[in-house]
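File shown: work-v8.pdb. Contents: PDB, C-alpha atoms.
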ATOM      1  CA  MET A   1     -23.447 -61.695  14.816
ATOM      2  CA  ASN A   2     -24.110 -58.011  14.781
ATOM      3  CA  ASP A   3     -26.049 -58.035  18.005
ATOM      4  CA  ASP A   4     -23.900 -55.906  20.241
ATOM      5  CA  VAL A   5     -21.987 -52.649  20.175
ATOM      6  CA  ARG A   6     -18.800 -53.958  18.609
ATOM      7  CA  PRO A   7     -17.482 -51.393  16.146
ATOM      8  CA  PHE A   8     -17.376 -52.666  12.585
ATOM      9  CA  ASP A   9     -13.813 -53.319  11.612
ATOM     10  CA  PRO A  10     -12.677 -56.320   9.571
ATOM     11  CA  ARG A  11      -9.767 -56.920  11.977
ATOM     12  CA  VAL A  12     -12.170 -57.373  14.876
ATOM     13  CA  HIS A  13     -14.034 -60.227  13.207
ATOM     14  CA  GLN A  14     -10.794 -61.702  11.928
ATOM     15  CA  ALA A  15      -9.368 -61.654  15.449
ATOM     16  CA  GLU A  16     -12.527 -63.268  16.813
ATOM     17  CA  GLY A  17     -12.138 -66.070  14.291
ATOM     18  CA  MET A  18      -8.457 -66.525  15.109
ATOM     19  CA  LEU A  19      -9.122 -66.686  18.850
ATOM     20  CA  THR A  20     -11.899 -69.184  18.278
ATOM     21  CA  ALA A  21      -9.639 -71.381  16.174
ATOM     22  CA  ARG A  22      -6.698 -71.122  18.562
ATOM     23  CA  TYR A  23      -8.332 -71.377  21.968
ATOM     24  CA  GLY A  24     -11.494 -73.220  21.089
ATOM     25  CA  VAL A  25     -13.871 -70.649  22.478
ATOM     26  CA  PRO A  26     -17.189 -69.578  20.952
ATOM     27  CA  ILE A  27     -17.202 -66.416  18.835
ATOM     28  CA  SER A  28     -19.164 -64.562  21.501
ATOM     29  CA  GLU A  29     -16.526 -65.434  24.091
ATOM     30  CA  ALA A  30     -13.733 -64.378  21.735
ATOM     31  CA  ALA A  31     -15.505 -61.037  21.285
ATOM     32  CA  GLY A  32     -15.728 -60.698  25.069
ATOM     33  CA  MET A  33     -12.014 -61.451  25.433
ATOM     34  CA  LEU A  34     -11.178 -58.730  22.921
ATOM     35  CA  ARG A  35     -13.342 -56.201  24.709
ATOM     36  CA  ALA A  36     -11.883 -57.068  28.108
ATOM     37  CA  TRP A  37      -8.295 -56.884  26.862
ATOM     38  CA  ALA A  38      -9.005 -53.591  25.117
ATOM     39  CA  ALA A  39     -10.461 -52.120  28.296
ATOM     40  CA  ARG A  40      -7.524 -53.344  30.366
ATOM     41  CA  GLY A  41      -4.990 -51.942  27.905
ATOM     42  CA  ASP A  42      -6.904 -48.693  27.427
ATOM     43  CA  LEU A  43      -7.210 -49.437  23.728
ATOM     44  CA  THR A  44     -10.108 -49.484  21.308
ATOM     45  CA  VAL A  45     -11.395 -52.910  20.306
ATOM     46  CA  PRO A  46     -10.057 -52.577  16.717
ATOM     47  CA  GLU A  47      -6.634 -51.584  18.096
ATOM     48  CA  MET A  48      -6.607 -54.602  20.379
ATOM     49  CA  ALA A  49      -7.798 -56.796  17.498
ATOM     50  CA  ALA A  50      -4.868 -55.611  15.389
ATOM     51  CA  GLN A  51      -2.469 -56.469  18.236
ATOM     52  CA  VAL A  52      -4.032 -59.901  18.696
ATOM     53  CA  VAL A  53      -3.810 -60.689  14.998
ATOM     54  CA  GLY A  54      -0.164 -59.606  14.952
ATOM     55  CA  THR A  55       0.678 -61.614  18.074
ATOM     56  CA  LEU A  56      -1.011 -64.798  16.906
ATOM     57  CA  VAL A  57       0.652 -64.625  13.502
ATOM     58  CA  ALA A  58       4.044 -64.029  15.141
ATOM     59  CA  ARG A  59       3.572 -67.000  17.523
ATOM     60  CA  ARG A  60       2.822 -69.186  14.570
ATOM     61  CA  GLY A  61       6.214 -68.311  13.151
ATOM     62  CA  ASN A  62       6.362 -65.695  10.448
ATOM     63  CA  GLY A  63       3.207 -66.774   8.743
ATOM     64  CA  HIS A  64       4.222 -70.344   8.030
ATOM     65  CA  PRO A  65       1.501 -72.933   8.342
ATOM     66  CA  SER A  66       1.033 -74.147  11.895
ATOM     67  CA  ARG A  67      -0.135 -77.546  10.785
TER      68      ARG A  67
ATOM     69  CA  MET B   1     -71.768 -33.266  10.731
ATOM     70  CA  GLY B   2     -74.366 -35.512   9.210
ATOM     71  CA  ASP B   3     -74.343 -33.501   5.967
ATOM     72  CA  GLN B   4     -72.357 -34.693   3.013
ATOM     73  CA  GLN B   5     -69.315 -32.446   3.008
ATOM     74  CA  PRO B   6     -66.702 -33.976   0.737
ATOM     75  CA  VAL B   7     -64.059 -31.394   1.587
ATOM     76  CA  SER B   8     -64.124 -31.810   5.357
ATOM     77  CA  THR B   9     -64.400 -35.575   5.035
ATOM     78  CA  GLY B  10     -61.460 -35.577   2.698
ATOM     79  CA  GLU B  11     -59.436 -33.393   5.035
ATOM     80  CA  ARG B  12     -60.195 -35.649   7.978
ATOM     81  CA  ALA B  13     -59.240 -38.698   5.937
ATOM     82  CA  GLY B  14     -56.032 -36.913   4.951
ATOM     83  CA  VAL B  15     -55.101 -36.220   8.573
ATOM     84  CA  GLU B  16     -55.829 -39.829   9.570
ATOM     85  CA  LEU B  17     -53.864 -41.041   6.596
ATOM     86  CA  ALA B  18     -50.886 -38.886   7.556
ATOM     87  CA  ARG B  19     -51.069 -40.165  11.155
ATOM     88  CA  ALA B  20     -51.237 -43.789  10.079
ATOM     89  CA  LEU B  21     -48.242 -43.386   7.818
ATOM     90  CA  GLU B  22     -46.326 -41.485  10.484
ATOM     91  CA  GLU B  23     -46.970 -44.357  12.903
ATOM     92  CA  ALA B  24     -45.788 -46.872  10.332
ATOM     93  CA  ALA B  25     -42.616 -44.883   9.615
ATOM     94  CA  ARG B  26     -41.899 -44.390  13.323
ATOM     95  CA  GLY B  27     -42.439 -48.084  13.948
ATOM     96  CA  LEU B  28     -39.892 -48.887  11.264
ATOM     97  CA  VAL B  29     -37.273 -46.674  12.902
ATOM     98  CA  GLU B  30     -37.943 -47.800  16.462
ATOM     99  CA  ARG B  31     -38.006 -51.537  15.877
ATOM    100  CA  GLY B  32     -34.975 -53.770  15.536
ATOM    101  CA  ALA B  33     -33.979 -54.661  11.997
ATOM    102  CA  ASP B  34     -34.899 -58.338  12.305
ATOM    103  CA  GLU B  35     -38.581 -57.651  12.723
ATOM    104  CA  ASP B  36     -38.859 -54.589  10.545
ATOM    105  CA  VAL B  37     -40.450 -56.014   7.440
ATOM    106  CA  GLU B  38     -43.050 -58.136   9.223
ATOM    107  CA  HIS B  39     -43.865 -55.387  11.684
ATOM    108  CA  THR B  40     -44.116 -52.820   8.902
ATOM    109  CA  LEU B  41     -46.520 -55.065   7.000
ATOM    110  CA  GLN B  42     -48.703 -55.312  10.091
ATOM    111  CA  LEU B  43     -48.654 -51.537  10.513
ATOM    112  CA  ILE B  44     -49.610 -51.066   6.876
ATOM    113  CA  VAL B  45     -52.523 -53.484   7.133
ATOM    114  CA  ARG B  46     -53.745 -51.992  10.405
ATOM    115  CA  GLY B  47     -53.326 -48.465   9.069
ATOM    116  CA  ALA B  48     -55.252 -49.284   5.883
ATOM    117  CA  ILE B  49     -58.248 -50.602   7.838
ATOM    118  CA  HIS B  50     -58.293 -47.572  10.131
ATOM    119  CA  THR B  51     -57.657 -45.014   7.427
ATOM    120  CA  ILE B  52     -59.396 -45.970   4.207
ATOM    121  CA  PRO B  53     -63.194 -45.665   4.353
ATOM    122  CA  HIS B  54     -65.255 -48.889   4.176
ATOM    123  CA  VAL B  55     -62.222 -51.175   4.374
ATOM    124  CA  GLU B  56     -62.989 -53.950   6.870
ATOM    125  CA  GLN B  57     -60.223 -56.462   6.213
ATOM    126  CA  ALA B  58     -56.838 -56.208   4.571
ATOM    127  CA  GLY B  59     -53.643 -58.056   3.853
ATOM    128  CA  VAL B  60     -50.508 -57.944   1.787
ATOM    129  CA  SER B  61     -50.078 -60.660  -0.815
ATOM    130  CA  LEU B  62     -46.701 -61.806  -1.974
ATOM    131  CA  VAL B  63     -46.804 -63.412  -5.407
ATOM    132  CA  GLU B  64     -43.880 -65.433  -6.682
ATOM    133  CA  ARG B  65     -43.320 -66.691 -10.183
ATOM    134  CA  GLY B  66     -45.182 -69.934 -10.621
ATOM    135  CA  GLY B  67     -48.310 -68.376  -9.184
ATOM    136  CA  ILE B  68     -47.712 -68.993  -5.520
ATOM    137  CA  VAL B  69     -49.588 -66.410  -3.478
ATOM    138  CA  THR B  70     -48.648 -65.995   0.167
ATOM    139  CA  ALA B  71     -50.658 -63.950   2.630
ATOM    140  CA  ARG B  72     -48.510 -61.619   4.723
ATOM    141  CA  ALA B  73     -49.955 -59.940   7.790
ATOM    142  CA  PRO B  74     -53.597 -60.861   6.969
ATOM    143  CA  SER B  75     -56.105 -59.149   9.244
ATOM    144  CA  ASN B  76     -58.139 -62.361   9.588
ATOM    145  CA  ASP B  77     -58.366 -65.967   8.377
ATOM    146  CA  VAL B  78     -60.634 -65.104   5.454
ATOM    147  CA  VAL B  79     -57.935 -62.887   3.941
ATOM    148  CA  ARG B  80     -55.413 -65.695   4.345
ATOM    149  CA  GLU B  81     -57.800 -68.232   2.778
ATOM    150  CA  LEU B  82     -58.490 -65.978  -0.200
ATOM    151  CA  ASP B  83     -54.775 -65.777  -0.949
ATOM    152  CA  GLU B  84     -54.312 -69.536  -0.550
ATOM    153  CA  LEU B  85     -57.260 -70.136  -2.859
ATOM    154  CA  GLN B  86     -55.593 -68.122  -5.591
ATOM    155  CA  THR B  87     -52.624 -70.488  -5.466
ATOM    156  CA  GLN B  88     -54.879 -73.563  -5.480
ATOM    157  CA  LEU B  89     -57.280 -72.360  -8.179
ATOM    158  CA  GLY B  90     -54.751 -70.533 -10.330
ATOM    159  CA  GLU B  91     -56.949 -67.470 -10.594
ATOM    160  CA  GLY B  92     -57.785 -64.323  -8.671
ATOM    161  CA  PRO B  93     -57.062 -60.620  -8.529
ATOM    162  CA  CYS B  94     -53.462 -60.928  -7.358
ATOM    163  CA  LEU B  95     -52.450 -63.416 -10.023
ATOM    164  CA  ASP B  96     -54.277 -61.504 -12.725
ATOM    165  CA  SER B  97     -53.282 -58.004 -11.997
ATOM    166  CA  ILE B  98     -50.301 -57.748  -9.708
ATOM    167  CA  TRP B  99     -47.788 -57.799 -12.537
ATOM    168  CA  TYR B 100     -49.646 -55.593 -14.952
ATOM    169  CA  GLU B 101     -51.860 -53.154 -13.066
ATOM    170  CA  GLN B 102     -51.096 -50.574 -10.422
ATOM    171  CA  ARG B 103     -54.563 -50.933  -9.013
ATOM    172  CA  THR B 104     -57.550 -53.207  -9.311
ATOM    173  CA  VAL B 105     -60.978 -52.158  -8.069
ATOM    174  CA  ILE B 106     -63.867 -54.601  -7.935
ATOM    175  CA  GLU B 107     -67.023 -52.817  -6.890
ATOM    176  CA  ASP B 108     -69.169 -55.939  -6.889
ATOM    177  CA  ILE B 109     -67.682 -59.392  -6.506
ATOM    178  CA  THR B 110     -70.695 -60.986  -8.215
ATOM    179  CA  GLN B 111     -69.800 -59.121 -11.410
ATOM    180  CA  VAL B 112     -66.414 -60.797 -11.857
ATOM    181  CA  ARG B 113     -67.520 -64.430 -12.011
ATOM    182  CA  ALA B 114     -66.653 -64.521 -15.683
ATOM    183  CA  ARG B 115     -63.126 -63.336 -14.907
ATOM    184  CA  TRP B 116     -62.456 -65.580 -11.882
ATOM    185  CA  PRO B 117     -65.248 -68.183 -11.942
ATOM    186  CA  ARG B 118     -64.138 -70.225  -8.918
ATOM    187  CA  TRP B 119     -62.316 -67.613  -6.840
ATOM    188  CA  ALA B 120     -65.128 -65.052  -7.087
ATOM    189  CA  VAL B 121     -67.659 -67.623  -5.825
ATOM    190  CA  GLU B 122     -65.385 -68.552  -2.915
ATOM    191  CA  ALA B 123     -64.844 -64.879  -2.042
ATOM    192  CA  GLU B 124     -68.572 -64.217  -2.146
ATOM    193  CA  ARG B 125     -69.200 -67.273   0.024
ATOM    194  CA  ARG B 126     -66.822 -65.799   2.605
ATOM    195  CA  GLY B 127     -68.750 -62.552   2.772
ATOM    196  CA  ILE B 128     -66.677 -60.388   0.449
ATOM    197  CA  GLY B 129     -68.697 -57.778  -1.439
ATOM    198  CA  SER B 130     -65.993 -55.623  -2.994
ATOM    199  CA  LEU B 131     -62.233 -55.269  -3.043
ATOM    200  CA  MET B 132     -59.354 -53.057  -4.030
ATOM    201  CA  ALA B 133     -55.794 -54.194  -4.725
ATOM    202  CA  PHE B 134     -52.755 -51.924  -5.090
ATOM    203  CA  GLN B 135     -49.335 -52.964  -6.287
ATOM    204  CA  LEU B 136     -46.673 -52.260  -3.648
ATOM    205  CA  PHE B 137     -43.559 -53.528  -5.371
ATOM    206  CA  THR B 138     -42.183 -55.813  -8.036
ATOM    207  CA  ASP B 139     -38.761 -57.240  -7.454
ATOM    208  CA  LYS B 140     -36.736 -60.027  -9.054
ATOM    209  CA  GLY B 141     -39.571 -62.366  -9.853
ATOM    210  CA  SER B 142     -41.815 -61.514  -6.938
ATOM    211  CA  ALA B 143     -44.427 -58.842  -6.398
ATOM    212  CA  GLY B 144     -46.423 -57.515  -3.499
ATOM    213  CA  ALA B 145     -49.884 -56.025  -3.345
ATOM    214  CA  LEU B 146     -52.052 -54.459  -0.683
ATOM    215  CA  ASN B 147     -55.523 -56.020  -0.750
ATOM    216  CA  LEU B 148     -58.479 -54.272   0.853
ATOM    217  CA  TYR B 149     -61.857 -55.907   1.373
ATOM    218  CA  ALA B 150     -65.373 -54.785   2.262
ATOM    219  CA  SER B 151     -68.466 -56.882   2.925
ATOM    220  CA  GLU B 152     -70.752 -54.464   1.081
ATOM    221  CA  THR B 153     -70.802 -53.904  -2.660
ATOM    222  CA  GLY B 154     -70.417 -50.540  -4.324
ATOM    223  CA  VAL B 155     -68.617 -48.830  -1.456
ATOM    224  CA  PHE B 156     -65.303 -48.256  -3.172
ATOM    225  CA  ASP B 157     -66.099 -45.069  -5.067
ATOM    226  CA  GLU B 158     -63.597 -42.794  -6.760
ATOM    227  CA  ALA B 159     -62.724 -40.814  -3.613
ATOM    228  CA  THR B 160     -62.152 -43.998  -1.598
ATOM    229  CA  THR B 161     -60.072 -45.470  -4.384
ATOM    230  CA  ASP B 162     -57.939 -42.321  -4.486
ATOM    231  CA  THR B 163     -57.377 -42.507  -0.715
ATOM    232  CA  GLY B 164     -56.447 -46.153  -1.061
ATOM    233  CA  SER B 165     -54.070 -45.344  -3.871
ATOM    234  CA  LEU B 166     -52.415 -42.570  -1.850
ATOM    235  CA  PHE B 167     -52.087 -44.851   1.160
ATOM    236  CA  ALA B 168     -50.605 -47.626  -0.975
ATOM    237  CA  THR B 169     -48.049 -45.251  -2.494
ATOM    238  CA  GLN B 170     -46.865 -44.132   0.935
ATOM    239  CA  ALA B 171     -46.986 -47.687   2.260
ATOM    240  CA  ALA B 172     -44.816 -48.821  -0.652
ATOM    241  CA  LEU B 173     -42.185 -46.239   0.327
ATOM    242  CA  VAL B 174     -42.224 -47.308   3.984
ATOM    243  CA  LEU B 175     -42.032 -50.961   2.975
ATOM    244  CA  HIS B 176     -39.175 -50.233   0.601
ATOM    245  CA  GLY B 177     -37.314 -48.611   3.505
ATOM    246  CA  ALA B 178     -37.962 -51.609   5.745
ATOM    247  CA  ARG B 179     -36.759 -54.059   3.108
ATOM    248  CA  ARG B 180     -33.641 -51.971   2.580
ATOM    249  CA  VAL B 181     -32.845 -51.779   6.284
ATOM    250  CA  HIS B 182     -33.393 -55.522   6.580
ATOM    251  CA  GLY B 183     -31.112 -56.151   3.611
ATOM    252  CA  MET B 184     -28.397 -53.903   4.999
ATOM    253  CA  ALA B 185     -28.545 -55.606   8.390
ATOM    254  CA  GLY B 186     -28.154 -58.932   6.620
ATOM    255  CA  ALA B 187     -25.213 -57.625   4.608
ATOM    256  CA  LEU B 188     -23.480 -56.397   7.756
ATOM    257  CA  ALA B 189     -24.013 -59.730   9.476
ATOM    258  CA  SER B 190     -22.570 -61.440   6.378
ATOM    259  CA  ARG B 191     -19.459 -59.287   6.561
ATOM    260  CA  ASP B 192     -19.055 -60.217  10.233
ATOM    261  CA  VAL B 193     -19.209 -63.949   9.638
ATOM    262  CA  ILE B 194     -16.960 -63.814   6.574
ATOM    263  CA  GLY B 195     -14.385 -61.909   8.625
ATOM    264  CA  GLN B 196     -14.572 -64.518  11.387
ATOM    265  CA  ALA B 197     -14.205 -67.349   8.873
ATOM    266  CA  LYS B 198     -11.137 -65.627   7.437
ATOM    267  CA  GLY B 199      -9.667 -65.446  10.928
ATOM    268  CA  ILE B 200     -10.225 -69.159  11.451
ATOM    269  CA  LEU B 201      -8.501 -70.006   8.171
ATOM    270  CA  ILE B 202      -5.619 -67.627   8.906
ATOM    271  CA  GLU B 203      -5.042 -69.340  12.236
ATOM    272  CA  ARG B 204      -5.566 -72.904  11.100
ATOM    273  CA  MET B 205      -3.841 -72.790   7.737
ATOM    274  CA  GLY B 206      -1.214 -70.152   8.348
ATOM    275  CA  VAL B 207      -2.243 -68.027   5.417
ATOM    276  CA  GLY B 208      -2.756 -64.292   5.040
ATOM    277  CA  PRO B 209      -6.145 -62.531   4.903
ATOM    278  CA  GLU B 210      -6.216 -62.385   1.097
ATOM    279  CA  ARG B 211      -5.446 -66.087   0.725
ATOM    280  CA  ALA B 212      -8.010 -66.923   3.411
ATOM    281  CA  PHE B 213     -10.651 -65.018   1.489
ATOM    282  CA  ALA B 214      -9.605 -66.722  -1.749
ATOM    283  CA  ILE B 215      -9.989 -70.111  -0.058
ATOM    284  CA  LEU B 216     -13.524 -69.186   0.988
ATOM    285  CA  VAL B 217     -14.368 -68.043  -2.542
ATOM    286  CA  GLU B 218     -12.912 -71.209  -4.090
ATOM    287  CA  SER B 219     -14.863 -73.382  -1.660
ATOM    288  CA  SER B 220     -18.020 -71.477  -2.498
ATOM    289  CA  GLN B 221     -17.510 -71.913  -6.224
ATOM    290  CA  GLN B 222     -16.592 -75.587  -5.999
ATOM    291  CA  THR B 223     -19.553 -76.501  -3.814
ATOM    292  CA  ASN B 224     -21.961 -74.046  -5.405
ATOM    293  CA  ILE B 225     -22.818 -72.800  -1.922
ATOM    294  CA  LYS B 226     -23.067 -69.087  -1.193
ATOM    295  CA  LEU B 227     -19.955 -67.497   0.252
ATOM    296  CA  VAL B 228     -21.755 -66.393   3.387
ATOM    297  CA  ASP B 229     -23.123 -69.916   3.895
ATOM    298  CA  VAL B 230     -19.661 -71.419   3.555
ATOM    299  CA  ALA B 231     -18.372 -68.908   6.112
ATOM    300  CA  THR B 232     -21.285 -69.598   8.465
ATOM    301  CA  TRP B 233     -20.649 -73.328   8.233
ATOM    302  CA  LEU B 234     -16.943 -72.901   8.956
ATOM    303  CA  VAL B 235     -17.584 -70.646  11.958
ATOM    304  CA  GLY B 236     -20.174 -73.104  13.253
ATOM    305  CA  GLU B 237     -17.780 -76.047  12.876
ATOM    306  CA  ALA B 238     -14.992 -74.177  14.652
ATOM    307  CA  GLN B 239     -17.223 -73.629  17.641
ATOM    308  CA  LYS B 240     -18.248 -77.258  18.039
ATOM    309  CA  PRO B 241     -16.857 -78.806  21.240
ATOM    310  CA  GLY B 242     -14.838 -81.443  19.407
ATOM    311  CA  ARG B 243     -13.092 -78.798  17.357
ATOM    312  CA  ARG B 244     -12.090 -76.601  20.234
ATOM    313  CA  GLY B 245      -8.729 -76.200  21.847
ATOM    314  CA  GLY B 246      -6.694 -77.056  18.782
ATOM    315  CA  HIS B 247      -3.662 -75.195  20.062
ATOM    316  CA  GLY B 248      -4.216 -74.991  23.770
ATOM    317  CA  ARG B 249      -2.364 -72.239  25.447
TER     318      ARG B 249
END
Structure encoded using structure tokens:
Amino acid sequence: MNDDVRPFDPRVHQAEGMLTARYGVPISEAAGMLRAWAARGDLTVPEMAAQVVGTLVARRGNGHPSR
Amino acid sequence: MGDQQPVSTGERAGVELARALEEAARGLVERGADEDVEHTLQLIVRGAIHTIPHVEQAGVSLVERGGIVTARAPSNDVVRELDELQTQLGEGPCLDSIWYEQRTVIEDITQVRARWPRWAVEAERRGIGSLMAFQLFTDKGSAGALNLYASETGVFDEATTDTGSLFATQAALVLHGARRVHGMAGALASRDVIGQAKGILIERMGVGPERAFAILVESSQQTNIKLVDVATWLVGEAQKPGRRGGHGR
């Protein structure tokens, strides 16, 4: 899990888990998505992770259970 | 050069000792964390044979409560067999001394038949003449020792024993560092997977990070499974093909 250069930040791993649960991709692919989006948006990976977490929670509807 | 000159011999041994330990320490730093402990053990064993006079074979024994002796990084099969025999026979230098003595020196294996009647005979049969054992660590019910063997008897004199003791002390420090690094790498990996599991629960159950963590803790307590194992299981399940694509895009 700690096999690449991802900076340690709890939000990064949380975002990886959320992307995996939402889009059904492996953790490694979720980590790659975060890195790619961060690079495209000129953000750090933790910053992008924070945005992803916020976006996914908002899409779910103010934190109410999605299921 | 052929004369007996204890000082120059000692100095040379000291330089070789320092080099061996430097190599072991450098190896620890240069290698990845996953292989550190095993690689460090191999460096220690190799360094002991090259550094300590008269030592022909060596190994590190791990002793667990219940008397199970495991050979780690043995230099040959005889060393491995001698450790396995201690488990089978319930006697031997590791079992006897690892918990209570910093060092054990047997100058003549034939003189310890009263102490270890079956193990001593088996060691002698395998060509062991003398041995030294040094405690490396004791930790939560397990202990480790560096065992050094020679085919001749009477070769482990006071100077050799002191060199062995010095080597073992330094080796214990290097090994402690390796075990620490390994433990820290494991802890970091645990934090990663727990964070990922939290993310999965947040997404699937619509809860916040604190509640997600509480769910993991509750599951761990109810199933009596370690928190990190619960998290690893959850992350593994979420990645299975049948579980994917719960929300689509």
Between CA of Ala172 in chain B and CA of Arg46 in chain B - distance in Å to one decimal
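CA of Ala172 in chain B lies 14.6 Å from CA of Arg46 in chain B.
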Evaluate the PyMOL selection byres ((chain A and resi 21) around 7) against this structure - the residues, as a count of residues only, please.
12
How many Å lie between CA of Gln221 in chain B and CA of Pro10 in chain A, rounded to one decimal?
22.7 Å
Evaluate the PyMOL selection byres ((chain B and resi 201) around 9) here and jot the selected residues down as number ranges by chain.
A: 17-18, 21; B: 196-200, 202-209, 211-213, 215-216, 234
Selection result for the PyMOL selection byres ((chain B and resi 114-129) around 9) on this file, as a ChimeraX atom specification:
/B:78,82,85-86,89-93,106-113,130-131,149-155
Can you tell me, as a list of chain:residue names, what residues are no more than 10 Å from Leu227 in chain B when counting all atoms listed in the file, ignoring any on the same chain fewer than 6 positions away?
B:Ser190, B:Ile194, B:Phe213, B:Leu216, B:Val217, B:Glu218, B:Ser219, B:Ser220, B:Gln221, B:Trp233
Contact residues around Gly236 in chain B with only C-alpha atoms at 10 Å, ignoring same-chain residues under 3 positions, as a ChimeraX atom specification:
/A:26-27 /B:193,197,230-233,239-240,243
